[in-house]
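Data block below; observations after.
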Amino acid sequence: MSIPLEVRSLSLVREGNAVLDGVSFTVAQGEIFALLGGNGAGKSSTLLTFLGFLAPSDGEVLVYGQSVGSDVASARSAIAYLPEAASLYGHMTAYENLDYFLDLAGKSANQADYDQALDRVALPDEARSRRLQSYSKGMRQKTAIALALLRETPILLLDEPTSGLDPVAIDEFHDLVKDLASAGQTILMVTHDVYGACQVADRVGLLRRGQLVGSFSAENGKRIDTETVHAAFAEREAA
Ligand SMILES: Nc1ncnc2c1ncn2[C@@H]1O[C@H](COP(=O)(O)OP(=O)(O)OP(=O)(O)O)[C@@H](O)[C@H]1O
């Protein structure tokens, strides 16, 4: 079977600025890959190329072996994307948001499915029929994650997924991501949280000013060492 996510020598120019410069990596089925980097390193831009919202200036972006540029619709249908700021409607309840956005994605689900997804992200029962404008940032994020789960896509792209979540919710979210990967989902997350990346990822790629400058793998069933990655991150940022 072809590789779910791959970039080959990807370069990207945005408004005249080189944002990515020759980046190559793959994410295998059931793998959690974390792209780690400082502000402006090019992490979010990388995600947007998989969705065809940004086109490579050079190199290739492939979803299941097929160039995204040649078939954007199939790439998008294989991917659930969780942007950094959840783009849901404040004037609608969690149920209404799920209903509306799933309908747009051409999926149907019932109340029991919604509750099951909202249970998985631990959104309190009492909040589900309230409008999102009364939610905290973390609650909105949980609703967006539930929506991504309900889409049941084989690939998940997560942009700073734990920003706005409290420490307990972060641990729960990491457990959920690991469960999804164990069940076969392919996960690419971008973050500047070294600790979070090492907690959850099978592999961490270090992105700096548009170049992939380091790679770390979890081996022998152990997690990636946070200190090692932190040192590399700090050294690279200072260079
Ligand atoms: N809409 C845009 N138009 C032009 N350039 C942009 C746009 N958005 C981001 N950039 C530029 O692209 C570069 C990479 O930005 P990107 O958002 O991909 O980085 P990031 O690693 O996700 O950063 P952060 O951690 O701050 O979210 C930055 O130099 C940024 O200024």
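Just remember, in the structure tokens the first chain shown is A, the second B, etc., residues are 1-based per chain, and ligands are 1-based in the order shown.
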For this session: Going by DSSP on the backbone, which bits of range 15-226 of chain A are alpha helix (DSSP H)? Write them as a PyMOL selection string, please.
Result: chain A and resi 43-50+72-78+94-104+111-120+137-150+167-182+194-200+226
For this session: For ligand 1, list the contacting residues at 7 Å or closer, counting only C-alpha atoms and all ligand atoms, as an MDAnalysis selection string.
Result: chainID A and resid 14:15 19 37:46 191:192
Problem set entry | Selection near Ser87 in chain A, 12 Å with only C-alpha atoms, sequence-local residues under 5 positions removed, as a list in words |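 The residues that qualify are Tyr81, Leu82, Asn97, Leu98, Phe101, Leu132, Lys137, Arg140, Gln141, Lys142, Thr143, Ala144, Ile145, Leu147 and Ala148 of chain A.
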Mind dumping the selected residues with N, CA and C atoms as a compact mmCIF listing (two decimals), in the first residue's frame?
# COMPACT_ATOMS: atom_id res chain seq x y z
N TYR A 81 -8.53 17.85 9.06
CA TYR A 81 -7.54 18.88 9.41
C TYR A 81 -8.07 19.69 10.58
N LEU A 82 -7.26 19.76 11.61
CA LEU A 82 -7.65 20.55 12.77
C LEU A 82 -6.78 21.80 12.81
N ASN A 97 -23.05 22.42 15.46
CA ASN A 97 -21.81 22.54 14.70
C ASN A 97 -21.43 21.21 14.06
N LEU A 98 -21.52 20.13 14.85
CA LEU A 98 -21.16 18.81 14.31
C LEU A 98 -22.06 18.46 13.13
N PHE A 101 -21.20 20.83 10.01
CA PHE A 101 -19.92 20.60 9.32
C PHE A 101 -19.82 19.17 8.76
N LEU A 132 -21.50 27.82 21.31
CA LEU A 132 -20.05 27.81 21.50
C LEU A 132 -19.49 29.15 21.97
N LYS A 137 -11.69 28.27 25.30
CA LYS A 137 -10.94 27.88 24.10
C LYS A 137 -10.76 26.36 24.05
N ARG A 140 -13.89 24.60 22.89
CA ARG A 140 -14.07 24.71 21.42
C ARG A 140 -13.12 23.75 20.71
N GLN A 141 -11.91 23.65 21.25
CA GLN A 141 -10.92 22.74 20.65
C GLN A 141 -11.41 21.30 20.73
N LYS A 142 -12.00 20.93 21.87
CA LYS A 142 -12.52 19.56 22.02
C LYS A 142 -13.63 19.28 21.00
N THR A 143 -14.48 20.28 20.78
CA THR A 143 -15.57 20.10 19.80
C THR A 143 -14.98 19.89 18.40
N ALA A 144 -13.93 20.67 18.10
CA ALA A 144 -13.29 20.54 16.78
C ALA A 144 -12.64 19.16 16.63
N ILE A 145 -12.07 18.66 17.71
CA ILE A 145 -11.45 17.33 17.65
C ILE A 145 -12.54 16.27 17.43
N LEU A 147 -15.28 16.65 15.89
CA LEU A 147 -15.68 16.74 14.47
C LEU A 147 -14.68 15.97 13.59
N ALA A 148 -13.39 16.16 13.87
CA ALA A 148 -12.36 15.44 13.10
C ALA A 148 -12.54 13.93 13.25
Range 5-33 of chain A residues near range 51-68 of chain A within 7 Å, closest pair each, using only C-alpha atoms, as a tab-separated table:
residue	atom	partner	partner_atom	distance
A:Leu5	CA	A:Val63	CA	4.9
A:Glu6	CA	A:Leu62	CA	5.1
A:Val7	CA	A:Val61	CA	4.6
A:Arg8	CA	A:Glu60	CA	5.1
A:Ser9	CA	A:Gly59	CA	4.8
A:Leu10	CA	A:Gly59	CA	4.4
A:Ser11	CA	A:Asp58	CA	4.9
A:Leu12	CA	A:Ser57	CA	4.9
A:Val13	CA	A:Ser57	CA	6.1
Let's have the selection written as a JSON list (two decimals), in the first residue's frame, with C-alpha atoms.
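The resulting file, selection_35.json, is shown below:
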[["chain", "number", "residue", "atom", "x", "y", "z"],
["A", 5, "LEU", "CA", 1.81, 11.29, 3.53],
["A", 6, "GLU", "CA", 4.99, 12.26, 1.75],
["A", 7, "VAL", "CA", 6.83, 15.42, 0.78],
["A", 8, "ARG", "CA", 9.79, 15.21, -1.57],
["A", 9, "SER", "CA", 12.23, 18.12, -1.70],
["A", 10, "LEU", "CA", 9.37, 20.49, -0.98],
["A", 11, "SER", "CA", 10.08, 24.17, -1.39],
["A", 12, "LEU", "CA", 7.48, 26.85, -0.91],
["A", 13, "VAL", "CA", 7.53, 30.58, -1.52]]
For this session: Extract, using only C-alpha atoms, all DNA, RNA and protein residues at most 7 Å from range 170-182 of chain A, discarding same-chain residues fewer than 4 positions from it, and format them as a VMD selection string.
Result: chain A and resid 30 to 32 162 165 to 166 186 to 187 200
Problem set entry | Non-local contacts of Glu96 in chain A (10 Å; only C-alpha atoms; under 3 positions in same chain excluded) as an MDAnalysis selection string | chainID A and resid 89 91:93 99:102 128:132
Residues just named, written with C-alpha atoms as a JSON list (two decimals), in the first residue's frame:
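File written: again_10.json
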[["chain", "number", "residue", "atom", "x", "y", "z"],
["A", 89, "TYR", "CA", -19.67, 28.77, 14.72],
["A", 91, "HIS", "CA", -23.92, 31.02, 17.53],
["A", 92, "MET", "CA", -24.47, 27.27, 17.25],
["A", 93, "THR", "CA", -24.33, 24.53, 19.90],
["A", 99, "ASP", "CA", -24.33, 18.40, 12.30],
["A", 100, "TYR", "CA", -23.59, 21.34, 10.03],
["A", 101, "PHE", "CA", -19.92, 20.60, 9.32],
["A", 102, "LEU", "CA", -20.44, 16.86, 8.85],
["A", 128, "ARG", "CA", -23.31, 20.17, 24.45],
["A", 129, "SER", "CA", -26.55, 22.07, 23.91],
["A", 130, "ARG", "CA", -25.02, 25.44, 24.70],
["A", 131, "ARG", "CA", -23.79, 27.88, 22.06],
["A", 132, "LEU", "CA", -20.05, 27.81, 21.50]]
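Proximity of A:Ala85, A:Tyr135, A:Leu150, A:Phe233 to Asn110 in chain A, computed with only C-alpha atoms, is greatest for A:Leu150.
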